[in-house]
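Student: File query_18.cif below, mmCIF, N, CA and C atoms and all ligand atoms:
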```
data_input
#
loop_
_atom_site.label_atom_id
_atom_site.label_comp_id
_atom_site.auth_asym_id
_atom_site.auth_seq_id
_atom_site.Cartn_x
_atom_site.Cartn_y
_atom_site.Cartn_z
N MET A 223 0.05 -11.72 -6.99
CA MET A 223 -1.24 -12.25 -6.58
C MET A 223 -1.13 -13.76 -6.38
N ARG A 224 -1.85 -14.23 -5.39
CA ARG A 224 -1.81 -15.66 -5.08
C ARG A 224 -3.24 -16.18 -5.03
N VAL A 225 -3.47 -17.32 -5.62
CA VAL A 225 -4.79 -17.92 -5.60
C VAL A 225 -4.76 -19.14 -4.68
N MET A 226 -5.67 -19.15 -3.70
CA MET A 226 -5.75 -20.28 -2.78
C MET A 226 -7.11 -20.92 -2.95
N THR A 227 -7.13 -22.21 -3.06
CA THR A 227 -8.40 -22.89 -3.27
C THR A 227 -9.15 -23.15 -1.97
N ASN A 228 -8.44 -23.27 -0.88
CA ASN A 228 -9.06 -23.56 0.40
C ASN A 228 -8.47 -22.60 1.43
N GLU A 229 -9.02 -21.39 1.48
CA GLU A 229 -8.39 -20.37 2.29
C GLU A 229 -9.15 -20.08 3.58
N ALA A 230 -8.40 -19.70 4.58
CA ALA A 230 -8.98 -19.22 5.84
C ALA A 230 -8.87 -17.71 5.81
N VAL A 231 -9.95 -17.03 6.20
CA VAL A 231 -9.99 -15.57 6.17
C VAL A 231 -10.37 -15.08 7.56
N ILE A 232 -9.61 -14.12 8.05
CA ILE A 232 -9.95 -13.52 9.33
C ILE A 232 -9.79 -12.00 9.20
N SER A 233 -10.82 -11.30 9.61
CA SER A 233 -10.79 -9.84 9.56
C SER A 233 -9.92 -9.30 10.68
N LEU A 234 -9.28 -8.20 10.42
CA LEU A 234 -8.47 -7.56 11.46
C LEU A 234 -9.34 -7.19 12.66
N GLU A 235 -10.61 -6.87 12.40
CA GLU A 235 -11.52 -6.54 13.51
C GLU A 235 -11.67 -7.70 14.49
N ASP A 236 -11.47 -8.93 13.99
CA ASP A 236 -11.65 -10.11 14.83
C ASP A 236 -10.37 -10.55 15.53
N ILE A 237 -9.27 -9.92 15.19
CA ILE A 237 -8.00 -10.28 15.82
C ILE A 237 -7.82 -9.44 17.07
N ARG A 238 -7.70 -10.12 18.17
CA ARG A 238 -7.57 -9.43 19.45
C ARG A 238 -6.32 -9.85 20.22
N CYS A 239 -5.98 -11.12 20.15
CA CYS A 239 -4.88 -11.64 20.96
C CYS A 239 -3.87 -12.36 20.08
N VAL A 240 -2.68 -12.49 20.61
CA VAL A 240 -1.64 -13.28 19.98
C VAL A 240 -1.18 -14.30 21.02
N SER A 241 -0.91 -15.52 20.58
CA SER A 241 -0.39 -16.52 21.52
C SER A 241 1.04 -16.85 21.14
N VAL A 242 1.83 -17.09 22.15
CA VAL A 242 3.25 -17.42 21.97
C VAL A 242 3.48 -18.78 22.62
N SER A 243 4.04 -19.70 21.86
CA SER A 243 4.29 -21.05 22.37
C SER A 243 5.68 -21.18 22.95
N CYS A 244 5.78 -21.89 24.03
CA CYS A 244 7.08 -22.25 24.61
C CYS A 244 7.68 -23.34 23.73
N LEU A 245 8.93 -23.17 23.34
CA LEU A 245 9.58 -24.17 22.49
C LEU A 245 9.83 -25.46 23.26
N ASN A 246 9.93 -25.38 24.58
CA ASN A 246 10.25 -26.55 25.39
C ASN A 246 9.02 -27.41 25.68
N CYS A 247 7.95 -26.80 26.21
CA CYS A 247 6.79 -27.59 26.66
C CYS A 247 5.52 -27.31 25.86
N LYS A 248 5.61 -26.37 24.91
CA LYS A 248 4.48 -26.04 24.01
C LYS A 248 3.35 -25.28 24.69
N THR A 249 3.51 -24.88 25.94
CA THR A 249 2.51 -24.05 26.61
C THR A 249 2.35 -22.74 25.86
N LYS A 250 1.12 -22.31 25.69
CA LYS A 250 0.85 -21.06 24.99
C LYS A 250 0.49 -19.96 25.99
N VAL A 251 1.14 -18.82 25.85
CA VAL A 251 0.81 -17.63 26.63
C VAL A 251 0.05 -16.70 25.71
N LEU A 252 -1.11 -16.25 26.17
CA LEU A 252 -1.97 -15.39 25.38
C LEU A 252 -1.77 -13.93 25.78
N LEU A 253 -1.50 -13.07 24.81
CA LEU A 253 -1.30 -11.64 25.06
C LEU A 253 -2.37 -10.85 24.33
N ASP A 254 -2.99 -9.91 25.02
CA ASP A 254 -4.08 -9.11 24.46
C ASP A 254 -3.51 -7.90 23.73
N LEU A 255 -3.74 -7.83 22.43
CA LEU A 255 -3.25 -6.70 21.64
C LEU A 255 -4.15 -5.48 21.79
N ARG A 256 -5.41 -5.73 22.08
CA ARG A 256 -6.41 -4.65 22.05
C ARG A 256 -6.53 -3.92 23.38
N GLU A 257 -6.65 -4.66 24.44
CA GLU A 257 -6.76 -4.06 25.77
C GLU A 257 -5.49 -4.39 26.53
N LYS A 258 -4.59 -3.45 26.53
CA LYS A 258 -3.27 -3.68 27.12
C LYS A 258 -3.33 -3.57 28.64
N SER A 259 -2.54 -4.40 29.28
CA SER A 259 -2.39 -4.29 30.73
C SER A 259 -1.62 -3.00 31.03
N ASP A 260 -1.64 -2.58 32.29
CA ASP A 260 -0.86 -1.40 32.67
C ASP A 260 0.61 -1.60 32.34
N HIS A 261 1.10 -2.82 32.58
CA HIS A 261 2.51 -3.13 32.30
C HIS A 261 2.78 -3.01 30.80
N ALA A 262 1.90 -3.56 29.97
CA ALA A 262 2.09 -3.50 28.52
C ALA A 262 1.98 -2.07 28.01
N ASP A 263 1.10 -1.31 28.64
CA ASP A 263 0.94 0.09 28.23
C ASP A 263 2.22 0.89 28.51
N ARG A 264 2.86 0.57 29.60
CA ARG A 264 4.06 1.30 30.01
C ARG A 264 5.33 0.80 29.32
N TYR A 265 5.46 -0.53 29.22
CA TYR A 265 6.73 -1.10 28.73
C TYR A 265 6.61 -1.78 27.37
N GLY A 266 5.41 -1.86 26.84
CA GLY A 266 5.22 -2.58 25.59
C GLY A 266 4.78 -4.01 25.86
N LEU A 267 4.34 -4.66 24.80
CA LEU A 267 3.86 -6.03 24.92
C LEU A 267 5.05 -6.94 25.18
N THR A 268 5.10 -7.55 26.35
CA THR A 268 6.24 -8.40 26.67
C THR A 268 5.79 -9.67 27.36
N LEU A 269 6.61 -10.67 27.22
CA LEU A 269 6.39 -11.93 27.91
C LEU A 269 7.05 -11.87 29.28
N PRO A 270 6.62 -12.74 30.19
CA PRO A 270 7.41 -12.88 31.42
C PRO A 270 8.79 -13.42 31.06
N GLY A 271 9.72 -13.37 31.96
CA GLY A 271 11.08 -13.81 31.66
C GLY A 271 11.20 -15.29 31.33
N GLU A 272 10.25 -16.08 31.84
CA GLU A 272 10.32 -17.53 31.63
C GLU A 272 8.92 -18.10 31.45
N CYS A 273 8.88 -19.29 30.90
CA CYS A 273 7.61 -19.98 30.71
C CYS A 273 6.96 -20.22 32.07
N PRO A 274 5.68 -19.91 32.24
CA PRO A 274 5.03 -20.10 33.54
C PRO A 274 4.87 -21.56 33.94
N VAL A 275 5.05 -22.49 33.01
CA VAL A 275 4.86 -23.91 33.32
C VAL A 275 6.20 -24.62 33.55
N CYS A 276 7.11 -24.57 32.58
CA CYS A 276 8.37 -25.32 32.71
C CYS A 276 9.53 -24.44 33.20
N ARG A 277 9.29 -23.14 33.30
CA ARG A 277 10.30 -22.18 33.81
C ARG A 277 11.53 -22.02 32.91
N LYS A 278 11.44 -22.47 31.68
CA LYS A 278 12.53 -22.27 30.73
C LYS A 278 12.47 -20.82 30.24
N PRO A 279 13.62 -20.11 30.20
CA PRO A 279 13.60 -18.72 29.72
C PRO A 279 13.15 -18.65 28.26
N TYR A 280 12.39 -17.60 27.95
CA TYR A 280 12.00 -17.37 26.56
C TYR A 280 13.17 -16.81 25.78
N ASP A 281 13.13 -17.00 24.47
CA ASP A 281 14.11 -16.42 23.56
C ASP A 281 14.06 -14.90 23.71
N SER A 282 15.20 -14.28 23.90
CA SER A 282 15.24 -12.83 24.14
C SER A 282 14.74 -12.03 22.92
N ALA A 283 14.75 -12.61 21.75
CA ALA A 283 14.28 -11.90 20.55
C ALA A 283 12.77 -11.75 20.53
N LEU A 284 12.06 -12.55 21.32
CA LEU A 284 10.60 -12.52 21.28
C LEU A 284 10.03 -11.16 21.68
N ASN A 285 10.55 -10.56 22.73
CA ASN A 285 9.96 -9.31 23.19
C ASN A 285 10.11 -8.18 22.17
N GLY A 286 11.23 -8.12 21.48
CA GLY A 286 11.39 -7.11 20.43
C GLY A 286 10.38 -7.31 19.31
N ALA A 287 10.18 -8.56 18.93
CA ALA A 287 9.22 -8.86 17.87
C ALA A 287 7.80 -8.54 18.32
N LEU A 288 7.47 -8.84 19.57
CA LEU A 288 6.13 -8.55 20.09
C LEU A 288 5.88 -7.05 20.17
N THR A 289 6.90 -6.30 20.54
CA THR A 289 6.76 -4.83 20.57
C THR A 289 6.49 -4.31 19.16
N SER A 290 7.21 -4.83 18.17
CA SER A 290 6.98 -4.42 16.79
C SER A 290 5.58 -4.80 16.31
N LEU A 291 5.13 -5.98 16.71
CA LEU A 291 3.79 -6.41 16.34
C LEU A 291 2.74 -5.48 16.93
N GLN A 292 2.92 -5.09 18.19
CA GLN A 292 1.95 -4.18 18.83
C GLN A 292 1.92 -2.83 18.13
N VAL A 293 3.07 -2.31 17.76
CA VAL A 293 3.14 -1.03 17.06
C VAL A 293 2.40 -1.13 15.72
N ALA A 294 2.65 -2.20 14.99
CA ALA A 294 1.99 -2.39 13.69
C ALA A 294 0.48 -2.57 13.88
N TYR A 295 0.09 -3.34 14.86
CA TYR A 295 -1.33 -3.58 15.14
C TYR A 295 -2.03 -2.26 15.46
N ASP A 296 -1.44 -1.46 16.32
CA ASP A 296 -2.04 -0.17 16.68
C ASP A 296 -2.15 0.74 15.46
N ALA A 297 -1.15 0.68 14.59
CA ALA A 297 -1.14 1.56 13.41
C ALA A 297 -2.23 1.20 12.41
N VAL A 298 -2.52 -0.07 12.24
CA VAL A 298 -3.51 -0.47 11.22
C VAL A 298 -4.93 -0.55 11.77
N ARG A 299 -5.10 -0.41 13.06
CA ARG A 299 -6.46 -0.49 13.62
C ARG A 299 -7.36 0.61 13.08
N VAL A 300 -6.80 1.71 12.62
CA VAL A 300 -7.64 2.80 12.09
C VAL A 300 -8.37 2.37 10.82
N ILE A 301 -7.90 1.33 10.18
CA ILE A 301 -8.58 0.82 8.98
C ILE A 301 -8.95 -0.66 9.16
N GLU A 302 -9.18 -1.06 10.41
CA GLU A 302 -9.40 -2.48 10.68
C GLU A 302 -10.64 -3.06 10.00
N ASN A 303 -11.63 -2.23 9.72
CA ASN A 303 -12.84 -2.76 9.07
C ASN A 303 -12.63 -3.00 7.58
N ARG A 304 -11.46 -2.66 7.07
CA ARG A 304 -11.18 -2.84 5.64
C ARG A 304 -10.11 -3.89 5.39
N LEU A 305 -9.50 -4.41 6.44
CA LEU A 305 -8.40 -5.36 6.27
C LEU A 305 -8.79 -6.75 6.71
N SER A 306 -8.33 -7.74 5.96
CA SER A 306 -8.48 -9.12 6.40
C SER A 306 -7.22 -9.89 6.02
N PHE A 307 -6.96 -10.92 6.79
CA PHE A 307 -5.81 -11.77 6.54
C PHE A 307 -6.31 -13.08 5.95
N ARG A 308 -5.51 -13.62 5.05
CA ARG A 308 -5.89 -14.87 4.39
C ARG A 308 -4.73 -15.85 4.45
N GLY A 309 -5.09 -17.08 4.67
CA GLY A 309 -4.06 -18.12 4.70
C GLY A 309 -4.62 -19.39 4.09
N ASP A 310 -3.73 -20.26 3.76
CA ASP A 310 -4.12 -21.54 3.17
C ASP A 310 -4.64 -22.42 4.30
N ALA A 311 -5.89 -22.84 4.23
CA ALA A 311 -6.49 -23.66 5.28
C ALA A 311 -6.14 -25.13 5.12
N GLY A 312 -5.31 -25.42 4.17
CA GLY A 312 -4.84 -26.80 4.01
C GLY A 312 -5.50 -27.54 2.98
ZN ZN B 1 7.46 -24.15 28.82
#
```
Taking this structure as input, can you express it in the form of structure tokens?

Tutor:
Amino acid sequence: MRVMTNEAVISLEDIRCVSVSCLNCKTKVLLDLREKSDHADRYGLTLPGECPVCRKPYDSALNGALTSLQVAYDAVRVIENRLSFRGDAG
């Protein structure tokens, strides 16, 4: 158990998207976990091959991690009204 004095709480019901930052230019790409595009539905949650702003290729490990995140997200949505995430708000 962990006690946080200044915590941020977000319900799973309120989590819809995940953003991924480019390591080079810090541009964030937003991916919808809840309403998947046709491409995401067919191939899984994936990033384009490169950052849309600086054109630097993304780390190849990102897509595997995003696919795992989508699988986990879909699995816990059946109990989303009972789950919340907590973090230290600083
Ligand atoms: Zn970039």

Student: Could you pull out the residues in chain A that DSSP calls alpha helix (DSSP H) from the backbone, as a list of chain:residue names?

Tutor: A:Asp260, A:His261, A:Ala262, A:Asp263, A:Arg264, A:Tyr265, A:Ala283, A:Leu284, A:Asn285, A:Gly286, A:Ala287, A:Leu288, A:Thr289, A:Ser290, A:Leu291, A:Gln292, A:Val293, A:Ala294, A:Tyr295, A:Asp296, A:Ala297, A:Val298

Student: Those same residues, written as a PDB file, in the frame of the given file with N, CA and C atoms?

Tutor:
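In the end it all went to result19.pdb:
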```
ATOM      1  N   ASP A 260      -1.640  -2.580  32.290  1.00  0.00           N
ATOM      2  CA  ASP A 260      -0.860  -1.400  32.670  1.00  0.00           C
ATOM      3  C   ASP A 260       0.610  -1.600  32.340  1.00  0.00           C
ATOM      4  N   HIS A 261       1.100  -2.820  32.580  1.00  0.00           N
ATOM      5  CA  HIS A 261       2.510  -3.130  32.300  1.00  0.00           C
ATOM      6  C   HIS A 261       2.780  -3.010  30.800  1.00  0.00           C
ATOM      7  N   ALA A 262       1.900  -3.560  29.970  1.00  0.00           N
ATOM      8  CA  ALA A 262       2.090  -3.500  28.520  1.00  0.00           C
ATOM      9  C   ALA A 262       1.980  -2.070  28.010  1.00  0.00           C
ATOM     10  N   ASP A 263       1.100  -1.310  28.640  1.00  0.00           N
ATOM     11  CA  ASP A 263       0.940   0.090  28.230  1.00  0.00           C
ATOM     12  C   ASP A 263       2.220   0.890  28.510  1.00  0.00           C
ATOM     13  N   ARG A 264       2.860   0.570  29.600  1.00  0.00           N
ATOM     14  CA  ARG A 264       4.060   1.300  30.010  1.00  0.00           C
ATOM     15  C   ARG A 264       5.330   0.800  29.320  1.00  0.00           C
ATOM     16  N   TYR A 265       5.460  -0.530  29.220  1.00  0.00           N
ATOM     17  CA  TYR A 265       6.730  -1.100  28.730  1.00  0.00           C
ATOM     18  C   TYR A 265       6.610  -1.780  27.370  1.00  0.00           C
ATOM     19  N   ALA A 283      14.750 -12.610  21.750  1.00  0.00           N
ATOM     20  CA  ALA A 283      14.280 -11.900  20.550  1.00  0.00           C
ATOM     21  C   ALA A 283      12.770 -11.750  20.530  1.00  0.00           C
ATOM     22  N   LEU A 284      12.060 -12.550  21.320  1.00  0.00           N
ATOM     23  CA  LEU A 284      10.600 -12.520  21.280  1.00  0.00           C
ATOM     24  C   LEU A 284      10.030 -11.160  21.680  1.00  0.00           C
ATOM     25  N   ASN A 285      10.550 -10.560  22.730  1.00  0.00           N
ATOM     26  CA  ASN A 285       9.960  -9.310  23.190  1.00  0.00           C
ATOM     27  C   ASN A 285      10.110  -8.180  22.170  1.00  0.00           C
ATOM     28  N   GLY A 286      11.230  -8.120  21.480  1.00  0.00           N
ATOM     29  CA  GLY A 286      11.390  -7.110  20.430  1.00  0.00           C
ATOM     30  C   GLY A 286      10.380  -7.310  19.310  1.00  0.00           C
ATOM     31  N   ALA A 287      10.180  -8.560  18.930  1.00  0.00           N
ATOM     32  CA  ALA A 287       9.220  -8.860  17.870  1.00  0.00           C
ATOM     33  C   ALA A 287       7.800  -8.540  18.320  1.00  0.00           C
ATOM     34  N   LEU A 288       7.470  -8.840  19.570  1.00  0.00           N
ATOM     35  CA  LEU A 288       6.130  -8.550  20.090  1.00  0.00           C
ATOM     36  C   LEU A 288       5.880  -7.050  20.170  1.00  0.00           C
ATOM     37  N   THR A 289       6.900  -6.300  20.540  1.00  0.00           N
ATOM     38  CA  THR A 289       6.760  -4.830  20.570  1.00  0.00           C
ATOM     39  C   THR A 289       6.490  -4.310  19.160  1.00  0.00           C
ATOM     40  N   SER A 290       7.210  -4.830  18.170  1.00  0.00           N
ATOM     41  CA  SER A 290       6.980  -4.420  16.790  1.00  0.00           C
ATOM     42  C   SER A 290       5.580  -4.800  16.310  1.00  0.00           C
ATOM     43  N   LEU A 291       5.130  -5.980  16.710  1.00  0.00           N
ATOM     44  CA  LEU A 291       3.790  -6.410  16.340  1.00  0.00           C
ATOM     45  C   LEU A 291       2.740  -5.480  16.930  1.00  0.00           C
ATOM     46  N   GLN A 292       2.920  -5.090  18.190  1.00  0.00           N
ATOM     47  CA  GLN A 292       1.950  -4.180  18.830  1.00  0.00           C
ATOM     48  C   GLN A 292       1.920  -2.830  18.130  1.00  0.00           C
ATOM     49  N   VAL A 293       3.070  -2.310  17.760  1.00  0.00           N
ATOM     50  CA  VAL A 293       3.140  -1.030  17.060  1.00  0.00           C
ATOM     51  C   VAL A 293       2.400  -1.130  15.720  1.00  0.00           C
ATOM     52  N   ALA A 294       2.650  -2.200  14.990  1.00  0.00           N
ATOM     53  CA  ALA A 294       1.990  -2.390  13.690  1.00  0.00           C
ATOM     54  C   ALA A 294       0.480  -2.570  13.880  1.00  0.00           C
ATOM     55  N   TYR A 295       0.090  -3.340  14.860  1.00  0.00           N
ATOM     56  CA  TYR A 295      -1.330  -3.580  15.140  1.00  0.00           C
ATOM     57  C   TYR A 295      -2.030  -2.260  15.460  1.00  0.00           C
ATOM     58  N   ASP A 296      -1.440  -1.460  16.320  1.00  0.00           N
ATOM     59  CA  ASP A 296      -2.040  -0.170  16.680  1.00  0.00           C
ATOM     60  C   ASP A 296      -2.150   0.740  15.460  1.00  0.00           C
ATOM     61  N   ALA A 297      -1.150   0.680  14.590  1.00  0.00           N
ATOM     62  CA  ALA A 297      -1.140   1.560  13.410  1.00  0.00           C
ATOM     63  C   ALA A 297      -2.230   1.200  12.410  1.00  0.00           C
ATOM     64  N   VAL A 298      -2.520  -0.070  12.240  1.00  0.00           N
ATOM     65  CA  VAL A 298      -3.510  -0.470  11.220  1.00  0.00           C
ATOM     66  C   VAL A 298      -4.930  -0.550  11.770  1.00  0.00           C
TER      67      VAL A 298
END
```

Student: Excluding segment 281-294 of chain A and its own-chain neighbours fewer than 3 positions away, which residues fall within 7 Å of it when counting only C-alpha atoms? Please give them as a JSON list (two decimals) with N, CA and C atoms, in the frame of the given file.

Tutor:
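The resulting file, out_31.json, is shown below:
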```json
[["chain", "number", "residue", "atom", "x", "y", "z"],
["A", 255, "LEU", "N", -3.74, -7.83, 22.43],
["A", 255, "LEU", "CA", -3.25, -6.70, 21.64],
["A", 255, "LEU", "C", -4.15, -5.48, 21.79],
["A", 266, "GLY", "N", 5.41, -1.86, 26.84],
["A", 266, "GLY", "CA", 5.22, -2.58, 25.59],
["A", 266, "GLY", "C", 4.78, -4.01, 25.86],
["A", 267, "LEU", "N", 4.34, -4.66, 24.80],
["A", 267, "LEU", "CA", 3.86, -6.03, 24.92],
["A", 267, "LEU", "C", 5.05, -6.94, 25.18],
["A", 268, "THR", "N", 5.10, -7.55, 26.35],
["A", 268, "THR", "CA", 6.24, -8.40, 26.67],
["A", 268, "THR", "C", 5.79, -9.67, 27.36],
["A", 269, "LEU", "N", 6.61, -10.67, 27.22],
["A", 269, "LEU", "CA", 6.39, -11.93, 27.91],
["A", 269, "LEU", "C", 7.05, -11.87, 29.28],
["A", 297, "ALA", "N", -1.15, 0.68, 14.59],
["A", 297, "ALA", "CA", -1.14, 1.56, 13.41],
["A", 297, "ALA", "C", -2.23, 1.20, 12.41],
["A", 298, "VAL", "N", -2.52, -0.07, 12.24],
["A", 298, "VAL", "CA", -3.51, -0.47, 11.22],
["A", 298, "VAL", "C", -4.93, -0.55, 11.77]]
```

Student: Would you kindly return, as a ChimeraX atom specification, each protein, DNA or RNA residue with an atom no farther than 8 Å from any atom of Leu252 of chain A, considering only N, CA and C atoms and excluding same-chain residues fewer than 4 positions away?

Tutor: /A:239-243

Student: Ligand ZN 1 (chain B): which residues are within 6 Å, counting all atoms listed in the file, as a PyMOL selection string?

Tutor: chain A and resi 244-249+273-278

Student: Rounded to one decimal in Å, what is the spacing between atom CA of Ser233 of chain A and atom C of Ile301 of chain A?

Tutor: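 Separating atom CA of Ser233 of chain A from atom C of Ile301 of chain A is a distance of 9.4 Å.
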
Student: Find the distance between atom CA of Thr227 of chain A and atom CA of Arg308 of chain A and write it in Å to one decimal.

Tutor: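 Separating atom CA of Thr227 of chain A from atom CA of Arg308 of chain A is a distance of 11.4 Å.
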
Student: Which residue gives the smallest distance to Gly312 of chain A among A:Asp260, A:Glu229, A:Asp236, A:Asp254, with only C-alpha atoms counted?

Tutor: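 When distances to Gly312 of chain A are compared using only C-alpha atoms, the smallest one comes from A:Glu229.
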
Student: Quick one, how far is atom CA of Ile232 of chain A from atom N of Ser306 of chain A?

Tutor: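 Atom CA of Ile232 of chain A sits 6.9 Å away from atom N of Ser306 of chain A.
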
Student: Would you compute the box with edges along x, y and z of the file around segment 275-291 of chain A, including every atom the file lists for it and 3 Å extra on each side, and give its centre and edge lengths in Å to one decimal, as AutoDock Vina command-line options?

Tutor:
```
--center_x 9.0 --center_y -14.8 --center_z 25.1 --size_x 18.5 --size_y 27.0 --size_z 23.5
```
